[in-house]
file target19.txt (compact mmCIF, C-alpha atoms)
# COMPACT_ATOMS: atom_id res chain seq x y z
CA MET M 1 -27.86 -3.89 12.51
CA LEU M 2 -26.81 -2.28 15.80
CA SER M 3 -23.58 -4.26 15.95
CA THR M 4 -22.77 -3.18 12.37
CA LEU M 5 -23.42 0.44 13.28
CA LEU M 6 -21.26 0.16 16.40
CA ARG M 7 -18.47 -1.42 14.40
CA LEU M 8 -18.61 1.38 11.83
CA CYS M 9 -18.57 4.01 14.60
CA GLY M 10 -15.58 2.26 16.12
CA VAL M 11 -13.73 2.36 12.81
CA ALA M 12 -14.56 6.06 12.38
CA MET M 13 -13.38 6.95 15.89
CA THR M 14 -10.18 4.97 15.45
CA ALA M 15 -9.52 6.86 12.24
CA ALA M 16 -10.16 10.18 13.98
CA VAL M 17 -7.51 9.70 16.68
CA LEU M 18 -5.19 7.22 14.98
CA GLU M 19 -1.82 7.56 16.67
CA ASN M 20 -2.24 11.32 16.80
CA ALA M 21 -1.00 11.14 13.25
CA VAL M 22 -3.96 13.21 12.21
CA PHE M 23 -2.51 16.04 14.26
CA THR M 24 0.91 15.67 12.73
CA ARG M 25 -0.56 15.48 9.29
CA ALA M 26 -3.03 18.27 9.80
CA LEU M 27 -0.23 20.71 10.60
CA GLY M 28 1.21 20.28 7.13
CA ASP M 29 -1.94 19.66 5.11
CA GLY M 30 -4.93 21.60 3.90
CA ALA M 31 -5.23 24.88 2.10
CA LEU M 32 -5.45 26.93 5.31
CA PRO M 33 -2.33 28.48 6.82
CA TYR M 34 -2.30 27.00 10.30
CA ASN M 35 -1.73 30.33 12.01
CA ARG M 36 -4.30 32.55 10.26
CA PHE M 37 -7.66 30.85 9.75
CA ARG M 38 -11.03 31.29 11.50
CA PRO M 39 -13.25 28.46 12.90
CA ARG M 40 -15.79 28.84 10.09
CA GLN M 41 -13.04 28.39 7.49
CA ALA M 42 -11.80 25.37 9.42
CA VAL M 43 -15.27 23.80 9.34
CA ALA M 44 -15.57 24.40 5.58
CA GLN M 45 -12.10 22.98 5.00
CA GLY M 46 -12.92 20.05 7.30
CA LEU M 47 -16.01 19.21 5.25
CA LEU M 48 -13.97 19.37 2.06
CA MET M 49 -11.26 17.17 3.58
CA THR M 50 -13.92 14.68 4.71
CA ALA M 51 -15.20 14.41 1.14
CA VAL M 52 -11.66 13.95 -0.17
CA SER M 53 -10.89 11.35 2.53
CA VAL M 54 -14.02 9.37 1.70
CA ALA M 55 -13.03 9.40 -1.98
CA ALA M 56 -9.49 8.30 -1.04
CA ALA M 57 -10.85 5.49 1.14
CA LEU M 58 -13.07 4.38 -1.70
CA ALA M 59 -10.10 4.46 -4.09
CA GLY M 60 -8.02 2.35 -1.71
CA TRP M 61 -10.81 -0.19 -1.30
CA LEU M 62 -11.50 -0.34 -5.03
CA GLY M 63 -7.80 -0.65 -5.87
CA GLU M 64 -7.44 -3.53 -3.43
CA GLU M 65 -10.53 -5.26 -4.87
CA LEU M 66 -9.14 -4.92 -8.41
CA ILE M 67 -5.77 -6.33 -7.35
CA SER M 68 -7.27 -9.20 -5.33
CA ASN M 69 -9.75 -10.26 -7.99
CA TYR M 70 -7.91 -9.60 -11.25
CA TYR M 71 -4.17 -9.24 -10.91
CA ALA M 72 -2.24 -10.22 -7.80
CA MET M 73 0.90 -8.17 -7.19
CA PRO M 74 3.40 -7.75 -4.33
CA GLY M 75 2.43 -5.40 -1.53
CA HIS M 76 4.98 -2.71 -2.27
CA LEU M 77 3.73 -2.34 -5.87
CA ARG M 78 0.11 -1.72 -4.86
CA PRO M 79 0.24 1.97 -3.84
CA PRO M 80 0.59 3.24 -7.44
CA VAL M 81 -2.56 1.28 -8.35
CA TYR M 82 -4.48 2.88 -5.48
CA LEU M 83 -3.24 6.31 -6.53
CA MET M 84 -4.21 5.66 -10.15
CA VAL M 85 -7.80 4.90 -9.11
CA PHE M 86 -7.84 8.02 -6.90
CA SER M 87 -6.44 10.14 -9.73
CA VAL M 88 -9.24 8.94 -12.02
CA PHE M 89 -11.81 9.97 -9.36
CA TYR M 90 -10.14 13.37 -9.05
CA ALA M 91 -9.89 13.93 -12.79
CA VAL M 92 -13.58 13.08 -13.30
CA LEU M 93 -14.66 15.32 -10.42
CA TYR M 94 -12.44 18.19 -11.56
CA LEU M 95 -13.68 18.00 -15.14
CA LEU M 96 -17.30 17.83 -13.97
CA MET M 97 -16.84 20.89 -11.77
CA THR M 98 -15.18 22.90 -14.54
CA LYS M 99 -17.30 21.83 -17.51
CA VAL M 100 -20.79 21.49 -15.98
CA PRO M 101 -22.30 24.99 -15.44
CA ALA M 102 -24.68 23.74 -12.72
CA LEU M 103 -21.69 22.84 -10.52
CA ALA M 104 -19.99 26.25 -10.85
CA PRO M 105 -21.23 27.56 -7.44
CA LEU M 106 -19.82 24.42 -5.81
CA ARG M 107 -16.48 25.05 -7.50
CA GLN M 108 -16.37 28.58 -6.12
CA ARG M 109 -17.12 27.38 -2.60
CA ALA M 110 -14.96 24.26 -2.53
CA GLU M 111 -11.68 24.83 -4.25
CA LEU M 112 -10.25 21.38 -5.01
CA HIS M 113 -6.64 22.43 -4.91
CA PRO M 114 -4.59 19.48 -6.20
CA ALA M 115 -1.95 19.93 -3.50
CA VAL M 116 -4.66 19.36 -0.86
CA VAL M 117 -6.29 16.46 -2.70
CA PHE M 118 -2.93 14.67 -3.03
CA GLY M 119 -1.77 15.66 0.45
CA TYR M 120 -0.90 13.51 3.43
CA ILE M 121 -4.38 12.78 4.65
CA PRO M 122 -5.91 11.41 1.44
CA VAL M 123 -2.75 9.47 0.53
CA ALA M 124 -2.47 7.99 4.03
CA THR M 125 -6.17 7.09 4.07
CA MET M 126 -5.84 5.40 0.71
CA LEU M 127 -2.82 3.37 1.89
CA PHE M 128 -4.44 2.31 5.19
CA ILE M 129 -7.59 1.11 3.47
CA GLY M 130 -5.68 -0.54 0.64
CA TYR M 131 -3.40 -2.50 2.98
CA GLY M 132 -6.16 -3.30 5.45
CA THR M 133 -9.04 -5.76 5.28
CA TYR M 134 -11.91 -3.29 5.40
CA THR M 135 -15.30 -3.79 3.83
CA LEU M 136 -16.80 -1.01 1.73
CA GLY M 137 -18.88 0.32 4.63
CA GLU M 138 -15.88 0.30 6.98
CA ALA M 139 -13.76 2.08 4.37
CA LEU M 140 -16.34 4.85 4.01
CA ALA M 141 -16.69 5.13 7.80
CA TYR M 142 -12.90 5.38 8.03
CA GLY M 143 -12.92 8.23 5.51
CA PHE M 144 -15.55 10.10 7.56
CA GLY M 145 -13.54 9.52 10.72
CA VAL M 146 -10.37 10.90 9.19
CA GLY M 147 -12.22 14.04 8.08
CA ALA M 148 -13.70 14.47 11.57
CA GLY M 149 -10.26 14.02 13.12
CA TYR M 150 -8.80 16.61 10.77
CA LEU M 151 -11.54 19.07 11.70
CA ALA M 152 -10.87 18.46 15.40
CA ALA M 153 -7.15 19.00 14.81
CA MET M 154 -7.76 22.30 13.00
CA LEU M 155 -10.05 23.56 15.79
CA LEU M 156 -7.43 22.60 18.36
CA THR M 157 -4.86 24.52 16.33
CA TYR M 158 -7.19 27.54 16.42
CA LEU M 159 -7.41 27.21 20.23
CA LEU M 160 -3.62 27.08 20.36
CA ARG M 161 -3.41 30.35 18.49
CA GLU M 162 -5.94 31.97 20.82
CA ARG M 163 -4.03 30.83 23.91
CA THR M 164 -0.58 31.82 22.66
CA TRP M 165 -1.85 35.21 21.43
CA PHE M 166 -2.33 36.31 25.03
CA SER M 167 0.76 34.61 26.43
CA ARG M 168 4.33 35.82 26.63
CA VAL M 169 5.93 33.22 24.42
CA PRO M 170 9.74 33.56 24.22
CA ARG M 171 10.79 34.97 20.87
CA ALA M 172 12.62 31.81 19.77
CA PHE M 173 9.52 29.70 20.41
CA ARG M 174 7.02 31.88 18.54
CA GLY M 175 5.25 30.30 15.57
CA LEU M 176 5.96 26.69 14.69
CA PRO M 177 8.00 25.67 17.81
CA VAL M 178 5.22 26.51 20.27
CA ALA M 179 2.65 24.92 17.93
CA LEU M 180 4.69 21.71 17.97
CA MET M 181 5.00 21.73 21.75
CA TYR M 182 1.28 22.30 22.15
CA THR M 183 0.50 19.49 19.69
CA GLY M 184 2.91 17.26 21.58
CA LEU M 185 1.04 17.92 24.83
CA VAL M 186 -2.30 17.12 23.17
CA SER M 187 -0.70 13.98 21.77
CA LEU M 188 0.50 13.06 25.27
CA ALA M 189 -3.02 13.50 26.61
CA LEU M 190 -4.42 11.26 23.89
CA PHE M 191 -1.71 8.70 24.56
CA GLY M 192 -2.73 8.67 28.21
CA LEU M 193 -6.37 8.28 27.18
CA LEU M 194 -5.78 5.45 24.73
CA GLY M 195 -3.26 3.76 26.95
CA HIS M 196 -1.15 2.24 24.21
CA GLN M 197 0.67 3.00 20.99
CA PRO M 198 -1.59 2.29 18.01
CA PRO M 199 0.28 1.33 14.86
CA ILE M 200 1.28 4.12 12.52
CA MET N 1 9.94 22.36 7.85
CA VAL N 2 6.20 21.96 8.49
CA PHE N 3 6.03 19.19 5.91
CA ALA N 4 8.68 17.14 7.67
CA ILE N 5 6.66 16.93 10.91
CA PRO N 6 4.93 13.55 10.31
CA PHE N 7 8.19 11.84 9.38
CA LEU N 8 10.53 13.29 11.96
CA SER N 9 8.16 13.13 14.90
CA VAL N 10 6.67 9.68 14.25
CA ALA N 11 9.00 7.59 12.09
CA ALA N 12 12.48 8.90 13.04
CA ILE N 13 12.98 6.99 16.30
CA ASN N 14 16.46 5.63 15.63
CA LEU N 15 19.37 6.37 13.31
CA ARG N 16 18.86 3.41 10.98
CA ASN N 17 15.22 4.26 10.28
CA THR N 18 16.12 7.90 9.72
CA VAL N 19 18.96 7.13 7.33
CA ALA N 20 16.62 4.84 5.37
CA LEU N 21 13.97 7.57 5.32
CA CYS N 22 16.50 10.14 4.09
CA ALA N 23 17.74 7.76 1.40
CA ALA N 24 14.16 7.20 0.23
CA LEU N 25 13.54 10.96 0.24
CA PHE N 26 16.63 11.50 -1.93
CA ILE N 27 15.53 8.82 -4.40
CA ILE N 28 12.06 10.35 -4.64
CA LEU N 29 12.77 14.06 -4.43
CA MET N 30 15.53 14.62 -6.99
CA PRO N 31 13.83 13.18 -10.09
CA VAL N 32 10.39 14.45 -9.14
CA SER N 33 11.69 18.02 -8.59
CA VAL N 34 13.05 17.99 -12.13
CA LEU N 35 9.84 16.48 -13.46
CA ARG N 36 7.75 19.07 -11.62
CA HIS N 37 9.82 21.91 -13.05
CA LEU N 38 9.61 20.48 -16.57
CA LEU N 39 5.85 19.93 -16.40
CA ARG N 40 5.00 23.31 -14.89
CA GLU N 41 7.55 25.71 -16.33
CA GLN N 42 8.68 24.20 -19.63
CA LEU N 43 5.61 22.33 -20.83
CA SER N 44 2.98 24.47 -19.03
CA VAL N 45 0.94 21.42 -18.09
CA PRO N 46 -2.13 22.47 -16.05
CA ARG N 47 -1.88 21.89 -12.32
CA TRP N 48 -4.77 19.43 -12.15
CA LEU N 49 -2.72 17.14 -14.41
CA SER N 50 0.84 17.84 -13.27
CA VAL N 51 0.16 17.18 -9.58
CA PRO N 52 -1.26 13.64 -10.04
CA LEU N 53 1.54 12.85 -12.50
CA CYS N 54 4.23 13.97 -10.05
CA SER N 55 2.56 12.05 -7.20
CA MET N 56 2.32 8.91 -9.34
CA VAL N 57 6.01 9.03 -10.31
CA ALA N 58 6.94 9.74 -6.69
CA LEU N 59 4.95 6.71 -5.51
CA MET N 60 6.66 4.49 -8.08
CA LEU N 61 10.03 5.75 -6.87
CA ALA N 62 8.92 5.04 -3.28
CA SER N 63 8.18 1.44 -4.32
CA LEU N 64 11.68 1.29 -5.85
CA SER N 65 13.25 2.62 -2.66
CA TYR N 66 11.32 -0.05 -0.72
CA TYR N 67 13.15 -2.68 -2.80
CA LEU N 68 16.53 -1.07 -2.19
CA ILE N 69 16.04 -0.60 1.55
CA ARG N 70 14.76 -4.16 1.85
CA PHE N 71 18.10 -5.43 0.53
CA VAL N 72 19.80 -3.65 3.42
CA SER N 73 17.34 -4.55 6.17
CA VAL N 74 13.85 -6.02 6.21
CA GLU N 75 13.20 -4.67 9.72
CA ILE N 76 13.64 -1.08 8.58
CA THR N 77 11.00 -1.38 5.86
CA ASP N 78 8.59 -2.94 8.36
CA ALA N 79 9.35 -0.22 10.89
CA LEU N 80 8.81 2.60 8.40
CA GLY N 81 5.51 1.14 7.18
CA THR N 82 3.32 3.57 5.28
CA TYR N 83 5.63 6.51 6.06
CA LEU N 84 7.87 5.38 3.23
CA TYR N 85 5.02 5.88 0.76
CA LEU N 86 3.86 9.07 2.47
CA LEU N 87 7.07 10.68 1.19
CA ALA N 88 5.29 10.67 -2.18
CA ALA N 89 2.54 12.98 -0.90
CA TYR N 90 2.51 16.23 -2.82
CA PRO N 91 3.29 18.63 0.09
CA VAL N 92 6.72 16.99 0.43
CA LEU N 93 7.43 17.44 -3.27
CA ALA N 94 6.12 21.02 -3.33
CA ALA N 95 7.97 22.09 -0.18
CA ALA N 96 11.32 21.58 -1.87
CA SER N 97 10.56 24.36 -4.35
CA SER N 98 8.23 26.56 -2.34
CA GLU N 99 10.64 29.25 -1.24
CA GLN N 100 12.16 30.47 -4.44
CA ASP N 101 11.44 30.99 -8.11
CA ILE N 102 12.87 28.10 -10.06
CA ASP N 103 13.76 28.91 -13.64
CA SER N 104 15.97 26.00 -14.69
CA VAL N 105 16.62 22.33 -14.02
CA PRO N 106 19.87 22.99 -12.04
CA SER N 107 18.06 25.43 -9.73
CA ALA N 108 15.26 22.89 -9.20
CA LEU N 109 17.89 20.33 -8.20
CA ARG N 110 19.62 22.87 -5.96
CA CYS N 111 16.40 23.66 -4.08
CA ALA N 112 15.59 19.99 -3.70
CA LEU N 113 19.11 19.32 -2.40
CA ARG N 114 18.81 22.17 0.11
CA TYR N 115 15.51 20.82 1.42
CA PHE N 116 16.98 17.31 1.62
CA PHE N 117 19.98 18.61 3.55
CA ARG N 118 17.81 20.42 6.13
CA PHE N 119 15.53 17.39 6.51
CA THR N 120 18.53 15.09 6.99
CA CYS N 121 20.27 17.32 9.53
CA LEU N 122 17.18 17.77 11.68
CA GLY N 123 16.22 14.11 11.31
CA LEU N 124 19.64 12.77 12.29
CA VAL N 125 19.86 15.01 15.38
CA MET N 126 16.38 13.97 16.49
CA ALA N 127 17.02 10.28 15.78
CA LEU N 128 20.30 10.35 17.71
CA ILE N 129 18.69 11.91 20.78
CA ARG N 130 15.72 9.53 20.69
CA GLU N 131 17.80 6.42 20.13
CA VAL N 132 20.15 7.28 23.00
CA LEU N 133 17.25 8.01 25.36
CA ALA N 134 14.84 5.25 24.32
CA TYR N 135 17.22 2.38 23.54
CA GLY N 136 20.52 3.35 25.13
CA GLN N 137 22.39 2.73 21.89
CA ILE N 138 23.77 4.48 18.82
CA TRP N 139 23.28 2.69 15.49
CA GLY N 140 22.51 -0.53 17.35
CA ILE N 141 25.69 -0.37 19.47
CA PRO N 142 24.79 -0.36 23.18
CA LEU N 143 26.22 2.46 25.25
CA GLY N 144 26.47 0.37 28.40
CA TYR N 145 24.04 2.02 30.76
CA ASN N 146 20.56 1.02 31.91
CA PHE N 147 18.77 4.36 31.97
CA ARG N 148 15.88 4.40 29.48
CA VAL N 149 13.18 6.91 28.61
CA ASP N 150 10.52 4.81 26.89
CA GLY N 151 8.50 7.91 26.09
CA ALA N 152 11.21 8.99 23.65
CA LYS N 153 9.80 6.49 21.13
CA MET N 154 6.37 8.09 21.18
CA THR N 155 4.93 10.72 18.87
CA PHE N 156 4.49 13.36 21.59
CA PHE N 157 8.20 13.30 22.41
CA GLY N 158 9.09 13.71 18.76
CA LEU N 159 6.79 16.70 18.40
CA MET N 160 8.11 18.44 21.50
CA LEU N 161 11.73 17.66 20.66
CA MET N 162 11.24 19.07 17.18
CA GLY N 163 9.74 22.23 18.69
CA VAL N 164 12.69 22.65 21.04
CA LEU N 165 15.25 22.05 18.28
CA LEU N 166 13.56 24.52 15.92
CA ALA N 167 13.48 27.10 18.75
CA GLY N 168 17.20 26.47 19.23
CA VAL N 169 17.84 27.08 15.54
CA ASN N 170 15.79 30.31 15.72
CA GLN N 171 17.82 31.51 18.72
CA ILE N 172 21.16 30.70 17.06
CA ARG N 173 20.07 32.59 13.95
CA ALA N 174 19.05 35.55 16.09
CA TRP N 175 22.43 35.60 17.85
CA ALA N 176 24.27 35.35 14.52
CA ALA N 177 22.21 38.21 13.09
CA MET N 178 22.86 40.34 16.20
CA ALA N 179 26.61 39.65 16.06
CA LYS N 180 26.69 40.60 12.38
CA TRP N 181 24.77 43.82 13.07
CA ARG N 182 27.11 44.77 15.92
CA ARG N 183 30.17 44.15 13.77
CA ARG N 184 28.73 46.27 10.97
CA ASP N 185 27.77 48.99 13.45
CA ALA N 186 31.26 48.99 14.98
CA ALA N 187 32.86 49.15 11.52
CA SER N 188 30.72 52.09 10.44
CA ILE N 189 31.63 54.27 13.47
CA LYS N 190 34.37 56.58 12.29
CA PRO N 191 36.85 58.03 14.84
CA LEU N 192 36.57 61.80 15.40
call {"tool": "encode", "arguments": {"input": "target19.txt", "output": "structure tokens"}}
result
Amino acid sequence: MLSTLLRLCGVAMTAAVLENAVFTRALGDGALPYNRFRPRQAVAQGLLMTAVSVAAALAGWLGEELISNYYAMPGHLRPPVYLMVFSVFYAVLYLLMTKVPALAPLRQRAELHPAVVFGYIPVATMLFIGYGTYTLGEALAYGFGVGAGYLAAMLLTYLLRERTWFSRVPRAFRGLPVALMYTGLVSLALFGLLGHQPPI
Amino acid sequence: MVFAIPFLSVAAINLRNTVALCAALFIILMPVSVLRHLLREQLSVPRWLSVPLCSMVALMLASLSYYLIRFVSVEITDALGTYLYLLAAYPVLAAASSEQDIDSVPSALRCALRYFFRFTCLGLVMALIREVLAYGQIWGIPLGYNFRVDGAKMTFFGLMLMGVLLAGVNQIRAWAAMAKWRRRDAASIKPL
């Protein structure tokens, strides 16, 4: 039991810091503009992204199970199958949230914008799980880890904004350039911590 | 260019990979931009349906581009990994048409082409710098010196290099705008 729990925690932590790709993806994903949000909004968006990532991980796992057990196909033709399963999950959830009156408050709080649901993080999660050899529990733990990593990335981005607000950043570097340099430094620190280059 | 960050900072480490990535982007972006315009503007399909449809078509085109790139080089497809399929993520498709109102199929294609051109230019410059520093070669041809910067292959280098290049573009634009303003100012001063 303990070893299973430790393994799941390991999978989740790996997902959270995987190749700093969460940071690169977080800068272009989500419904929040990276230079204008507050920490509370980041936490809410992080929770939403965690739910979406878990659904994407589940879709990847389910897609791989369907392909392995029913219809073998080459590796490069599998991603559309994973996306089809994920799209079915999204369509069901969207219809439930719009048609069921009891879920209306949830819809107001958690806007499932399609551009966020089909963004980098869910698609990447779905592909990693689909191409990997994860069990169902590991896939769900991976989804939670990705959401936690995204939340950490958004809070770090908020810290960046706070630091650069009170600094004299050269005019040419204001906005995205300084955000990229800051993210690169955080990435360098994580690279030093991990000590190697995890696969992308 | 926020949506190009994952590809240019992580996957674009040499010219061959970047050219393959740009080719895949072209194969995916052009048809899907037209499809997106048709679904949203002409057929008024709701967003919750048009987005998954566009993503699905984009992913199928990504699988097609995998086939085509594999004919050229198997190593490139292995090196690109999941980043080839990540081109089908919706932010990439939406970014091509985010800046302007698109009211016809030719304007959708024009916007997509503009985005592709910017992505390619930035990607090729970054890939050239990283390949020269990390591998001491250009397109696989050695340059004949032993100095290497292994860190140029890593994500952090790509992020910082992209930041520096974008700052350079901002500065050049500022200088061009200042020169244009000075010329207009000088032209508007009438002699007494």
call {"tool": "residues_around", "arguments": {"input": "target19.txt", "residues": "Gly75 (chain M)", "least_positions_apart": "3", "cutoff": "9 Å", "atoms": "all atoms listed in the file", "output": "PyMOL selection string"}}
result
chain M and resi 78-79+131
call {"tool": "atom_distance", "arguments": {"input": "target19.txt", "atom1": "CA of Pro39 (chain M)", "atom2": "CA of Leu176 (chain M)"}}
result
19.4 Å
call {"tool": "atom_distance", "arguments": {"input": "target19.txt", "atom1": "CA of Ala89 (chain N)", "atom2": "CA of Ser55 (chain N)"}}
result
6.4 Å
call {"tool": "atom_distance", "arguments": {"input": "target19.txt", "atom1": "CA of Val52 (chain M)", "atom2": "CA of Val123 (chain M)"}}
result
10.0 Å
call {"tool": "closest_residue", "arguments": {"input": "target19.txt", "among": "M:Trp61, M:Leu160, M:Gly184, M:Val116", "to": "Tyr134 (chain M)", "atoms": "all atoms listed in the file"}}
result
M:Trp61
